[in-house]
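Next comes entry-v1.cif, with mmCIF, N, CA and C atoms.
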data_data
#
loop_
_atom_site.group_PDB
_atom_site.id
_atom_site.type_symbol
_atom_site.label_atom_id
_atom_site.label_comp_id
_atom_site.auth_asym_id
_atom_site.auth_seq_id
_atom_site.Cartn_x
_atom_site.Cartn_y
_atom_site.Cartn_z
ATOM 1 N N MET A 1 -2.347 -31.253 6.567
ATOM 2 C CA MET A 1 -2.471 -30.127 7.468
ATOM 3 C C MET A 1 -1.292 -29.154 7.325
ATOM 4 N N GLU A 2 -0.087 -29.692 7.166
ATOM 5 C CA GLU A 2 1.087 -28.835 7.095
ATOM 6 C C GLU A 2 1.080 -27.980 5.827
ATOM 7 N N ALA A 3 0.599 -28.522 4.737
ATOM 8 C CA ALA A 3 0.532 -27.776 3.478
ATOM 9 C C ALA A 3 -0.412 -26.585 3.594
ATOM 10 N N ASP A 4 -1.521 -26.748 4.308
ATOM 11 C CA ASP A 4 -2.454 -25.646 4.518
ATOM 12 C C ASP A 4 -1.789 -24.514 5.282
ATOM 13 N N SER A 5 -0.999 -24.853 6.265
ATOM 14 C CA SER A 5 -0.309 -23.850 7.073
ATOM 15 C C SER A 5 0.701 -23.081 6.230
ATOM 16 N N GLN A 6 1.416 -23.784 5.354
ATOM 17 C CA GLN A 6 2.395 -23.124 4.493
ATOM 18 C C GLN A 6 1.709 -22.193 3.498
ATOM 19 N N MET A 7 0.585 -22.599 2.972
ATOM 20 C CA MET A 7 -0.145 -21.747 2.033
ATOM 21 C C MET A 7 -0.662 -20.501 2.735
ATOM 22 N N GLU A 8 -1.121 -20.662 3.968
ATOM 23 C CA GLU A 8 -1.594 -19.510 4.738
ATOM 24 C C GLU A 8 -0.454 -18.537 4.994
ATOM 25 N N ASP A 9 0.731 -19.058 5.331
ATOM 26 C CA ASP A 9 1.894 -18.206 5.562
ATOM 27 C C ASP A 9 2.265 -17.444 4.297
ATOM 28 N N GLN A 10 2.232 -18.125 3.158
ATOM 29 C CA GLN A 10 2.559 -17.476 1.894
ATOM 30 C C GLN A 10 1.544 -16.386 1.566
ATOM 31 N N TYR A 11 0.302 -16.622 1.893
ATOM 32 C CA TYR A 11 -0.750 -15.636 1.655
ATOM 33 C C TYR A 11 -0.457 -14.358 2.437
ATOM 34 N N PHE A 12 -0.111 -14.500 3.722
ATOM 35 C CA PHE A 12 0.152 -13.329 4.555
ATOM 36 C C PHE A 12 1.428 -12.609 4.126
ATOM 37 N N VAL A 13 2.437 -13.356 3.717
ATOM 38 C CA VAL A 13 3.672 -12.732 3.225
ATOM 39 C C VAL A 13 3.379 -11.945 1.947
ATOM 40 N N GLY A 14 2.609 -12.517 1.055
ATOM 41 C CA GLY A 14 2.251 -11.830 -0.191
ATOM 42 C C GLY A 14 1.432 -10.581 0.058
ATOM 43 N N TRP A 15 0.485 -10.674 0.994
ATOM 44 C CA TRP A 15 -0.374 -9.527 1.324
ATOM 45 C C TRP A 15 0.471 -8.403 1.932
ATOM 46 N N GLY A 16 1.404 -8.770 2.801
ATOM 47 C CA GLY A 16 2.294 -7.777 3.419
ATOM 48 C C GLY A 16 3.211 -7.141 2.395
ATOM 49 N N THR A 17 3.709 -7.941 1.461
ATOM 50 C CA THR A 17 4.564 -7.409 0.397
ATOM 51 C C THR A 17 3.786 -6.427 -0.472
ATOM 52 N N LEU A 18 2.558 -6.761 -0.782
ATOM 53 C CA LEU A 18 1.715 -5.859 -1.567
ATOM 54 C C LEU A 18 1.502 -4.538 -0.820
ATOM 55 N N ALA A 19 1.319 -4.599 0.483
ATOM 56 C CA ALA A 19 1.141 -3.376 1.276
ATOM 57 C C ALA A 19 2.396 -2.504 1.214
ATOM 58 N N LEU A 20 3.575 -3.130 1.242
ATOM 59 C CA LEU A 20 4.827 -2.364 1.126
ATOM 60 C C LEU A 20 4.966 -1.735 -0.261
ATOM 61 N N ILE A 21 4.613 -2.480 -1.279
ATOM 62 C CA ILE A 21 4.664 -1.951 -2.651
ATOM 63 C C ILE A 21 3.700 -0.776 -2.795
ATOM 64 N N ASN A 22 2.505 -0.905 -2.233
ATOM 65 C CA ASN A 22 1.522 0.184 -2.303
ATOM 66 C C ASN A 22 2.022 1.423 -1.573
ATOM 67 N N ALA A 23 2.713 1.236 -0.458
ATOM 68 C CA ALA A 23 3.271 2.382 0.272
ATOM 69 C C ALA A 23 4.273 3.121 -0.606
ATOM 70 N N GLY A 24 5.101 2.378 -1.311
ATOM 71 C CA GLY A 24 6.066 3.004 -2.225
ATOM 72 C C GLY A 24 5.386 3.715 -3.379
ATOM 73 N N LEU A 25 4.362 3.095 -3.943
ATOM 74 C CA LEU A 25 3.603 3.739 -5.024
ATOM 75 C C LEU A 25 2.958 5.035 -4.541
ATOM 76 N N ALA A 26 2.400 4.999 -3.338
ATOM 77 C CA ALA A 26 1.736 6.176 -2.777
ATOM 78 C C ALA A 26 2.734 7.314 -2.575
ATOM 79 N N GLN A 27 3.910 6.986 -2.052
ATOM 80 C CA GLN A 27 4.925 8.026 -1.859
ATOM 81 C C GLN A 27 5.364 8.615 -3.188
ATOM 82 N N GLY A 28 5.402 7.796 -4.215
ATOM 83 C CA GLY A 28 5.749 8.292 -5.546
ATOM 84 C C GLY A 28 4.720 9.255 -6.095
ATOM 85 N N LYS A 29 3.515 9.207 -5.553
ATOM 86 C CA LYS A 29 2.455 10.123 -5.974
ATOM 87 C C LYS A 29 2.200 11.198 -4.916
ATOM 88 N N ASN A 30 3.203 11.433 -4.067
ATOM 89 C CA ASN A 30 3.162 12.469 -3.018
ATOM 90 C C ASN A 30 2.024 12.253 -2.022
ATOM 91 N N ARG A 31 1.789 11.006 -1.677
ATOM 92 C CA ARG A 31 0.778 10.659 -0.679
ATOM 93 C C ARG A 31 1.474 9.958 0.483
ATOM 94 N N SER A 32 0.793 9.826 1.597
ATOM 95 C CA SER A 32 1.383 9.235 2.790
ATOM 96 C C SER A 32 1.591 7.727 2.601
ATOM 97 N N GLY A 33 2.841 7.312 2.600
ATOM 98 C CA GLY A 33 3.151 5.896 2.468
ATOM 99 C C GLY A 33 2.662 5.084 3.650
ATOM 100 N N LEU A 34 2.782 5.635 4.851
ATOM 101 C CA LEU A 34 2.356 4.914 6.052
ATOM 102 C C LEU A 34 0.850 4.694 6.061
ATOM 103 N N ASN A 35 0.095 5.732 5.724
ATOM 104 C CA ASN A 35 -1.366 5.582 5.664
ATOM 105 C C ASN A 35 -1.777 4.538 4.639
ATOM 106 N N TRP A 36 -1.136 4.568 3.479
ATOM 107 C CA TRP A 36 -1.486 3.619 2.430
ATOM 108 C C TRP A 36 -1.031 2.207 2.756
ATOM 109 N N PHE A 37 0.056 2.084 3.522
ATOM 110 C CA PHE A 37 0.481 0.756 3.969
ATOM 111 C C PHE A 37 -0.631 0.111 4.792
ATOM 112 N N PHE A 38 -1.124 0.848 5.798
ATOM 113 C CA PHE A 38 -2.172 0.294 6.661
ATOM 114 C C PHE A 38 -3.478 0.089 5.899
ATOM 115 N N LEU A 39 -3.807 1.006 5.024
ATOM 116 C CA LEU A 39 -5.016 0.854 4.213
ATOM 117 C C LEU A 39 -4.918 -0.385 3.316
ATOM 118 N N SER A 40 -3.731 -0.619 2.804
ATOM 119 C CA SER A 40 -3.516 -1.771 1.928
ATOM 120 C C SER A 40 -3.618 -3.095 2.670
ATOM 121 N N LEU A 41 -3.336 -3.093 3.959
ATOM 122 C CA LEU A 41 -3.491 -4.326 4.735
ATOM 123 C C LEU A 41 -4.944 -4.770 4.740
ATOM 124 N N PHE A 42 -5.867 -3.815 4.649
ATOM 125 C CA PHE A 42 -7.292 -4.132 4.645
ATOM 126 C C PHE A 42 -7.849 -4.293 3.230
ATOM 127 N N LEU A 43 -7.402 -3.441 2.300
ATOM 128 C CA LEU A 43 -7.986 -3.435 0.959
ATOM 129 C C LEU A 43 -7.213 -4.245 -0.069
ATOM 130 N N GLY A 44 -5.922 -4.461 0.178
ATOM 131 C CA GLY A 44 -5.100 -5.264 -0.726
ATOM 132 C C GLY A 44 -5.068 -4.734 -2.144
ATOM 133 N N PRO A 45 -5.401 -5.564 -3.128
ATOM 134 C CA PRO A 45 -5.308 -5.167 -4.536
ATOM 135 C C PRO A 45 -6.225 -4.000 -4.909
ATOM 136 N N ILE A 46 -7.292 -3.805 -4.177
ATOM 137 C CA ILE A 46 -8.179 -2.663 -4.441
ATOM 138 C C ILE A 46 -7.427 -1.355 -4.174
ATOM 139 N N ALA A 47 -6.621 -1.340 -3.108
ATOM 140 C CA ALA A 47 -5.813 -0.158 -2.799
ATOM 141 C C ALA A 47 -4.806 0.101 -3.912
ATOM 142 N N THR A 48 -4.232 -0.960 -4.468
ATOM 143 C CA THR A 48 -3.284 -0.808 -5.578
ATOM 144 C C THR A 48 -3.967 -0.129 -6.759
ATOM 145 N N LEU A 49 -5.158 -0.577 -7.077
ATOM 146 C CA LEU A 49 -5.909 0.008 -8.186
ATOM 147 C C LEU A 49 -6.168 1.495 -7.937
ATOM 148 N N ILE A 50 -6.575 1.830 -6.724
ATOM 149 C CA ILE A 50 -6.863 3.234 -6.392
ATOM 150 C C ILE A 50 -5.614 4.086 -6.554
ATOM 151 N N ILE A 51 -4.485 3.605 -6.028
ATOM 152 C CA ILE A 51 -3.237 4.375 -6.109
ATOM 153 C C ILE A 51 -2.812 4.579 -7.561
ATOM 154 N N VAL A 52 -2.913 3.538 -8.358
ATOM 155 C CA VAL A 52 -2.479 3.613 -9.751
ATOM 156 C C VAL A 52 -3.360 4.569 -10.552
ATOM 157 N N VAL A 53 -4.652 4.581 -10.273
ATOM 158 C CA VAL A 53 -5.589 5.408 -11.037
ATOM 159 C C VAL A 53 -5.511 6.884 -10.635
ATOM 160 N N TRP A 54 -5.281 7.148 -9.358
ATOM 161 C CA TRP A 54 -5.228 8.542 -8.900
ATOM 162 C C TRP A 54 -4.069 9.288 -9.519
ATOM 163 N N GLU A 55 -4.292 10.583 -9.746
ATOM 164 C CA GLU A 55 -3.237 11.436 -10.273
ATOM 165 C C GLU A 55 -2.252 11.783 -9.165
ATOM 166 N N LYS A 56 -1.055 12.127 -9.574
ATOM 167 C CA LYS A 56 -0.022 12.524 -8.625
ATOM 168 C C LYS A 56 -0.375 13.885 -8.031
ATOM 169 N N LEU A 57 -0.236 14.009 -6.715
ATOM 170 C CA LEU A 57 -0.473 15.291 -6.065
ATOM 171 C C LEU A 57 0.671 16.239 -6.378
ATOM 172 N N PRO A 58 0.395 17.542 -6.453
ATOM 173 C CA PRO A 58 1.487 18.487 -6.669
ATOM 174 C C PRO A 58 2.442 18.499 -5.474
ATOM 175 N N GLU A 59 3.697 18.837 -5.751
ATOM 176 C CA GLU A 59 4.706 18.914 -4.693
ATOM 177 C C GLU A 59 4.320 20.018 -3.704
ATOM 178 N N GLN A 60 4.503 19.734 -2.414
ATOM 179 C CA GLN A 60 4.249 20.754 -1.404
ATOM 180 C C GLN A 60 5.511 21.559 -1.176
ATOM 181 N N LYS A 61 5.361 22.858 -1.134
ATOM 182 C CA LYS A 61 6.506 23.727 -0.914
ATOM 183 C C LYS A 61 6.895 23.701 0.554
ATOM 184 N N ASP A 62 8.192 23.793 0.827
ATOM 185 C CA ASP A 62 8.688 23.811 2.198
ATOM 186 C C ASP A 62 8.524 25.223 2.758
ATOM 187 N N LEU A 63 7.624 25.383 3.732
ATOM 188 C CA LEU A 63 7.327 26.685 4.313
ATOM 189 C C LEU A 63 8.234 27.035 5.481
ATOM 190 N N SER A 64 9.161 26.149 5.843
ATOM 191 C CA SER A 64 9.975 26.375 7.032
ATOM 192 C C SER A 64 11.108 27.356 6.777
ATOM 193 N N GLN A 65 11.326 27.748 5.541
ATOM 194 C CA GLN A 65 12.439 28.650 5.234
ATOM 195 C C GLN A 65 12.053 30.091 5.313
#

Have the structure of the file written as C-alpha coordinates, please.
Amino acid sequence: MEADSQMEDQYFVGWGTLALINAGLAQGKNRSGLNWFFLSLFLGPIATLIIVVWEKLPEQKDLSQ
(Lines of atoms letter the chains of each structure in order from A and count residues from 1; the text may use other names and numbers.)
(Lines give C-alpha, C1' and ligand atoms only; values in the text may rest on other atoms or scores of the structure.)
Protein backbone atom coordinates (compact mmCIF):
# COMPACT_ATOMS: atom_id res chain seq x y z
CA MET A 1 0.00 0.00 0.00
CA GLU A 2 2.77 2.45 0.87
CA ALA A 3 4.52 1.97 -2.48
CA ASP A 4 1.32 2.88 -4.33
CA SER A 5 1.09 6.12 -2.37
CA GLN A 6 4.70 7.03 -3.18
CA MET A 7 4.16 6.37 -6.88
CA GLU A 8 1.05 8.54 -6.85
CA ASP A 9 3.00 11.36 -5.18
CA GLN A 10 5.75 11.08 -7.78
CA TYR A 11 3.16 11.21 -10.54
CA PHE A 12 1.70 14.47 -9.23
CA VAL A 13 5.14 16.01 -8.69
CA GLY A 14 6.12 15.10 -12.26
CA TRP A 15 2.87 16.47 -13.68
CA GLY A 16 3.34 19.73 -11.76
CA THR A 17 6.94 20.01 -12.92
CA LEU A 18 5.83 19.53 -16.51
CA ALA A 19 3.26 22.32 -16.07
CA LEU A 20 6.03 24.66 -14.83
CA ILE A 21 8.26 23.73 -17.77
CA ASN A 22 5.38 24.37 -20.18
CA ALA A 23 4.78 27.79 -18.61
CA GLY A 24 8.42 28.67 -19.27
CA LEU A 25 8.24 27.39 -22.85
CA ALA A 26 5.07 29.42 -23.44
CA GLN A 27 6.67 32.60 -22.13
CA GLY A 28 9.61 31.99 -24.44
CA LYS A 29 7.15 32.05 -27.32
CA ASN A 30 5.50 35.29 -26.08
CA ARG A 31 2.43 33.52 -24.72
CA SER A 32 0.86 33.66 -21.27
CA GLY A 33 2.84 31.44 -18.91
CA LEU A 34 0.08 31.42 -16.31
CA ASN A 35 -2.59 30.33 -18.79
CA TRP A 36 -0.37 27.57 -20.12
CA PHE A 37 0.51 26.44 -16.60
CA PHE A 38 -3.16 25.81 -15.82
CA LEU A 39 -3.83 24.33 -19.24
CA SER A 40 -0.90 21.98 -18.76
CA LEU A 41 -2.34 20.71 -15.49
CA PHE A 42 -5.20 19.28 -17.56
CA LEU A 43 -3.46 18.40 -20.85
CA GLY A 44 0.04 17.50 -19.65
CA PRO A 45 2.30 16.27 -22.47
CA ILE A 46 -0.26 17.25 -25.12
CA ALA A 47 0.16 20.89 -24.05
CA THR A 48 3.94 20.49 -24.39
CA LEU A 49 3.50 19.27 -27.95
CA ILE A 50 1.22 22.20 -28.81
CA ILE A 51 3.65 24.76 -27.37
CA VAL A 52 6.65 23.26 -29.15
CA VAL A 53 4.87 23.09 -32.52
CA TRP A 54 3.38 26.60 -32.43
CA GLU A 55 5.40 29.45 -33.86
CA LYS A 56 6.65 32.23 -31.64
CA LEU A 57 4.32 35.23 -31.47
CA PRO A 58 5.79 38.57 -32.53
CA GLU A 59 6.92 40.89 -29.74
CA GLN A 60 4.24 43.32 -28.60
CA LYS A 61 5.26 46.95 -28.62
CA ASP A 62 4.92 48.92 -25.39
CA LEU A 63 2.17 51.48 -26.05
CA SER A 64 2.49 53.18 -22.65
CA GLN A 65 5.21 55.56 -23.83

Notebook entry, point to check: What residues come out when you apply the PyMOL selection byres (((chain A and resi 44 and name CA) around 10) and name CA) to this file, written as a PyMOL selection string?
Noted result: chain A and resi 14-19+22+37-43+45-49

Expected file: the selected residues, N, CA and C atoms, as a PDB file, in the frame of the given file:
ATOM      1  N   GLY A  14       2.609 -12.517   1.055  1.00  0.00           N
ATOM      2  CA  GLY A  14       2.251 -11.830  -0.191  1.00  0.00           C
ATOM      3  C   GLY A  14       1.432 -10.581   0.058  1.00  0.00           C
ATOM      4  N   TRP A  15       0.485 -10.674   0.994  1.00  0.00           N
ATOM      5  CA  TRP A  15      -0.374  -9.527   1.324  1.00  0.00           C
ATOM      6  C   TRP A  15       0.471  -8.403   1.932  1.00  0.00           C
ATOM      7  N   GLY A  16       1.404  -8.770   2.801  1.00  0.00           N
ATOM      8  CA  GLY A  16       2.294  -7.777   3.419  1.00  0.00           C
ATOM      9  C   GLY A  16       3.211  -7.141   2.395  1.00  0.00           C
ATOM     10  N   THR A  17       3.709  -7.941   1.461  1.00  0.00           N
ATOM     11  CA  THR A  17       4.564  -7.409   0.397  1.00  0.00           C
ATOM     12  C   THR A  17       3.786  -6.427  -0.472  1.00  0.00           C
ATOM     13  N   LEU A  18       2.558  -6.761  -0.782  1.00  0.00           N
ATOM     14  CA  LEU A  18       1.715  -5.859  -1.567  1.00  0.00           C
ATOM     15  C   LEU A  18       1.502  -4.538  -0.820  1.00  0.00           C
ATOM     16  N   ALA A  19       1.319  -4.599   0.483  1.00  0.00           N
ATOM     17  CA  ALA A  19       1.141  -3.376   1.276  1.00  0.00           C
ATOM     18  C   ALA A  19       2.396  -2.504   1.214  1.00  0.00           C
ATOM     19  N   ASN A  22       2.505  -0.905  -2.233  1.00  0.00           N
ATOM     20  CA  ASN A  22       1.522   0.184  -2.303  1.00  0.00           C
ATOM     21  C   ASN A  22       2.022   1.423  -1.573  1.00  0.00           C
ATOM     22  N   PHE A  37       0.056   2.084   3.522  1.00  0.00           N
ATOM     23  CA  PHE A  37       0.481   0.756   3.969  1.00  0.00           C
ATOM     24  C   PHE A  37      -0.631   0.111   4.792  1.00  0.00           C
ATOM     25  N   PHE A  38      -1.124   0.848   5.798  1.00  0.00           N
ATOM     26  CA  PHE A  38      -2.172   0.294   6.661  1.00  0.00           C
ATOM     27  C   PHE A  38      -3.478   0.089   5.899  1.00  0.00           C
ATOM     28  N   LEU A  39      -3.807   1.006   5.024  1.00  0.00           N
ATOM     29  CA  LEU A  39      -5.016   0.854   4.213  1.00  0.00           C
ATOM     30  C   LEU A  39      -4.918  -0.385   3.316  1.00  0.00           C
ATOM     31  N   SER A  40      -3.731  -0.619   2.804  1.00  0.00           N
ATOM     32  CA  SER A  40      -3.516  -1.771   1.928  1.00  0.00           C
ATOM     33  C   SER A  40      -3.618  -3.095   2.670  1.00  0.00           C
ATOM     34  N   LEU A  41      -3.336  -3.093   3.959  1.00  0.00           N
ATOM     35  CA  LEU A  41      -3.491  -4.326   4.735  1.00  0.00           C
ATOM     36  C   LEU A  41      -4.944  -4.770   4.740  1.00  0.00           C
ATOM     37  N   PHE A  42      -5.867  -3.815   4.649  1.00  0.00           N
ATOM     38  CA  PHE A  42      -7.292  -4.132   4.645  1.00  0.00           C
ATOM     39  C   PHE A  42      -7.849  -4.293   3.230  1.00  0.00           C
ATOM     40  N   LEU A  43      -7.402  -3.441   2.300  1.00  0.00           N
ATOM     41  CA  LEU A  43      -7.986  -3.435   0.959  1.00  0.00           C
ATOM     42  C   LEU A  43      -7.213  -4.245  -0.069  1.00  0.00           C
ATOM     43  N   PRO A  45      -5.401  -5.564  -3.128  1.00  0.00           N
ATOM     44  CA  PRO A  45      -5.308  -5.167  -4.536  1.00  0.00           C
ATOM     45  C   PRO A  45      -6.225  -4.000  -4.909  1.00  0.00           C
ATOM     46  N   ILE A  46      -7.292  -3.805  -4.177  1.00  0.00           N
ATOM     47  CA  ILE A  46      -8.179  -2.663  -4.441  1.00  0.00           C
ATOM     48  C   ILE A  46      -7.427  -1.355  -4.174  1.00  0.00           C
ATOM     49  N   ALA A  47      -6.621  -1.340  -3.108  1.00  0.00           N
ATOM     50  CA  ALA A  47      -5.813  -0.158  -2.799  1.00  0.00           C
ATOM     51  C   ALA A  47      -4.806   0.101  -3.912  1.00  0.00           C
ATOM     52  N   THR A  48      -4.232  -0.960  -4.468  1.00  0.00           N
ATOM     53  CA  THR A  48      -3.284  -0.808  -5.578  1.00  0.00           C
ATOM     54  C   THR A  48      -3.967  -0.129  -6.759  1.00  0.00           C
ATOM     55  N   LEU A  49      -5.158  -0.577  -7.077  1.00  0.00           N
ATOM     56  CA  LEU A  49      -5.909   0.008  -8.186  1.00  0.00           C
ATOM     57  C   LEU A  49      -6.168   1.495  -7.937  1.00  0.00           C
TER      58      LEU A  49
END

Notebook entry, point to check: Once you count only C-alpha atoms, which residues end up no further than 8 Å from (1.5, 8.4, -12.4) in the file's frame, shown as a list in words?
Noted result: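 Residues with an atom at most 8 Å from (1.5, 8.4, -12.4): Lys29, Val52, Val53, Trp54, Glu55 and Lys56 of chain A.
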
Check: In Å, how far is it from atom C of A:Leu25 to atom CA of A:Pro58?
Finding: 13.7 Å

Checklist line | Between atom C of A:Gly28 and atom N of A:Ile51, distance in Å (one decimal) | finding: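 For atom C of A:Gly28 relative to atom N of A:Ile51, the distance reads 10.8 Å.
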
All alpha helix (DSSP H) residues (DSSP, backbone) inside chain A, as a short mmCIF file (atom, residue, chain, number, x, y, z; two decimals) with N, CA and C atoms, keeping the file's coordinate frame:
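As written to disk, out37.cif reads:
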data_model
loop_
_atom_site.label_atom_id
_atom_site.label_comp_id
_atom_site.auth_asym_id
_atom_site.auth_seq_id
_atom_site.Cartn_x
_atom_site.Cartn_y
_atom_site.Cartn_z
N GLU A 2 -0.09 -29.69 7.17
CA GLU A 2 1.09 -28.84 7.10
C GLU A 2 1.08 -27.98 5.83
N ALA A 3 0.60 -28.52 4.74
CA ALA A 3 0.53 -27.78 3.48
C ALA A 3 -0.41 -26.58 3.59
N ASP A 4 -1.52 -26.75 4.31
CA ASP A 4 -2.45 -25.65 4.52
C ASP A 4 -1.79 -24.51 5.28
N SER A 5 -1.00 -24.85 6.26
CA SER A 5 -0.31 -23.85 7.07
C SER A 5 0.70 -23.08 6.23
N GLN A 6 1.42 -23.78 5.35
CA GLN A 6 2.40 -23.12 4.49
C GLN A 6 1.71 -22.19 3.50
N MET A 7 0.58 -22.60 2.97
CA MET A 7 -0.14 -21.75 2.03
C MET A 7 -0.66 -20.50 2.74
N GLU A 8 -1.12 -20.66 3.97
CA GLU A 8 -1.59 -19.51 4.74
C GLU A 8 -0.45 -18.54 4.99
N ASP A 9 0.73 -19.06 5.33
CA ASP A 9 1.89 -18.21 5.56
C ASP A 9 2.26 -17.44 4.30
N GLN A 10 2.23 -18.12 3.16
CA GLN A 10 2.56 -17.48 1.89
C GLN A 10 1.54 -16.39 1.57
N TYR A 11 0.30 -16.62 1.89
CA TYR A 11 -0.75 -15.64 1.66
C TYR A 11 -0.46 -14.36 2.44
N PHE A 12 -0.11 -14.50 3.72
CA PHE A 12 0.15 -13.33 4.56
C PHE A 12 1.43 -12.61 4.13
N VAL A 13 2.44 -13.36 3.72
CA VAL A 13 3.67 -12.73 3.22
C VAL A 13 3.38 -11.94 1.95
N GLY A 14 2.61 -12.52 1.06
CA GLY A 14 2.25 -11.83 -0.19
C GLY A 14 1.43 -10.58 0.06
N TRP A 15 0.48 -10.67 0.99
CA TRP A 15 -0.37 -9.53 1.32
C TRP A 15 0.47 -8.40 1.93
N GLY A 16 1.40 -8.77 2.80
CA GLY A 16 2.29 -7.78 3.42
C GLY A 16 3.21 -7.14 2.40
N THR A 17 3.71 -7.94 1.46
CA THR A 17 4.56 -7.41 0.40
C THR A 17 3.79 -6.43 -0.47
N LEU A 18 2.56 -6.76 -0.78
CA LEU A 18 1.72 -5.86 -1.57
C LEU A 18 1.50 -4.54 -0.82
N ALA A 19 1.32 -4.60 0.48
CA ALA A 19 1.14 -3.38 1.28
C ALA A 19 2.40 -2.50 1.21
N LEU A 20 3.58 -3.13 1.24
CA LEU A 20 4.83 -2.36 1.13
C LEU A 20 4.97 -1.74 -0.26
N ILE A 21 4.61 -2.48 -1.28
CA ILE A 21 4.66 -1.95 -2.65
C ILE A 21 3.70 -0.78 -2.80
N ASN A 22 2.50 -0.90 -2.23
CA ASN A 22 1.52 0.18 -2.30
C ASN A 22 2.02 1.42 -1.57
N ALA A 23 2.71 1.24 -0.46
CA ALA A 23 3.27 2.38 0.27
C ALA A 23 4.27 3.12 -0.61
N GLY A 24 5.10 2.38 -1.31
CA GLY A 24 6.07 3.00 -2.22
C GLY A 24 5.39 3.72 -3.38
N LEU A 25 4.36 3.10 -3.94
CA LEU A 25 3.60 3.74 -5.02
C LEU A 25 2.96 5.04 -4.54
N ALA A 26 2.40 5.00 -3.34
CA ALA A 26 1.74 6.18 -2.78
C ALA A 26 2.73 7.31 -2.58
N GLN A 27 3.91 6.99 -2.05
CA GLN A 27 4.92 8.03 -1.86
C GLN A 27 5.36 8.62 -3.19
N GLY A 28 5.40 7.80 -4.22
CA GLY A 28 5.75 8.29 -5.55
C GLY A 28 4.72 9.26 -6.10
N GLY A 33 2.84 7.31 2.60
CA GLY A 33 3.15 5.90 2.47
C GLY A 33 2.66 5.08 3.65
N LEU A 34 2.78 5.64 4.85
CA LEU A 34 2.36 4.91 6.05
C LEU A 34 0.85 4.69 6.06
N ASN A 35 0.10 5.73 5.72
CA ASN A 35 -1.37 5.58 5.66
C ASN A 35 -1.78 4.54 4.64
N TRP A 36 -1.14 4.57 3.48
CA TRP A 36 -1.49 3.62 2.43
C TRP A 36 -1.03 2.21 2.76
N PHE A 37 0.06 2.08 3.52
CA PHE A 37 0.48 0.76 3.97
C PHE A 37 -0.63 0.11 4.79
N PHE A 38 -1.12 0.85 5.80
CA PHE A 38 -2.17 0.29 6.66
C PHE A 38 -3.48 0.09 5.90
N LEU A 39 -3.81 1.01 5.02
CA LEU A 39 -5.02 0.85 4.21
C LEU A 39 -4.92 -0.38 3.32
N SER A 40 -3.73 -0.62 2.80
CA SER A 40 -3.52 -1.77 1.93
C SER A 40 -3.62 -3.10 2.67
N LEU A 41 -3.34 -3.09 3.96
CA LEU A 41 -3.49 -4.33 4.74
C LEU A 41 -4.94 -4.77 4.74
N PHE A 42 -5.87 -3.82 4.65
CA PHE A 42 -7.29 -4.13 4.64
C PHE A 42 -7.85 -4.29 3.23
N LEU A 43 -7.40 -3.44 2.30
CA LEU A 43 -7.99 -3.44 0.96
C LEU A 43 -7.21 -4.24 -0.07
N PRO A 45 -5.40 -5.56 -3.13
CA PRO A 45 -5.31 -5.17 -4.54
C PRO A 45 -6.22 -4.00 -4.91
N ILE A 46 -7.29 -3.80 -4.18
CA ILE A 46 -8.18 -2.66 -4.44
C ILE A 46 -7.43 -1.36 -4.17
N ALA A 47 -6.62 -1.34 -3.11
CA ALA A 47 -5.81 -0.16 -2.80
C ALA A 47 -4.81 0.10 -3.91
N THR A 48 -4.23 -0.96 -4.47
CA THR A 48 -3.28 -0.81 -5.58
C THR A 48 -3.97 -0.13 -6.76
N LEU A 49 -5.16 -0.58 -7.08
CA LEU A 49 -5.91 0.01 -8.19
C LEU A 49 -6.17 1.50 -7.94
N ILE A 50 -6.58 1.83 -6.72
CA ILE A 50 -6.86 3.23 -6.39
C ILE A 50 -5.61 4.09 -6.55
N ILE A 51 -4.49 3.60 -6.03
CA ILE A 51 -3.24 4.38 -6.11
C ILE A 51 -2.81 4.58 -7.56
N VAL A 52 -2.91 3.54 -8.36
CA VAL A 52 -2.48 3.61 -9.75
C VAL A 52 -3.36 4.57 -10.55
N VAL A 53 -4.65 4.58 -10.27
CA VAL A 53 -5.59 5.41 -11.04
C VAL A 53 -5.51 6.88 -10.64
#

Checklist line | Å distance separating atom CA of A:Leu20 from atom C of A:Lys61, one decimal place | finding: 26.2 Å

Emit as AutoDock Vina command-line options the padded axis-aligned box for all listed atoms of stretch 25-31 of chain A, 4 Å per side, with centre and edge lengths in Å to one decimal.
--center_x 3.3 --center_y 7.8 --center_z -2.8 --size_x 13.0 --size_y 17.4 --size_z 14.6

Note to self: Restricting the calculation to all atoms listed in the file: of A:Gly24, A:Phe12, A:Gln6, A:Asn30, which residue gets closest to A:Leu57?
What the structure shows: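 Selected residue with least distance to A:Leu57: A:Asn30.
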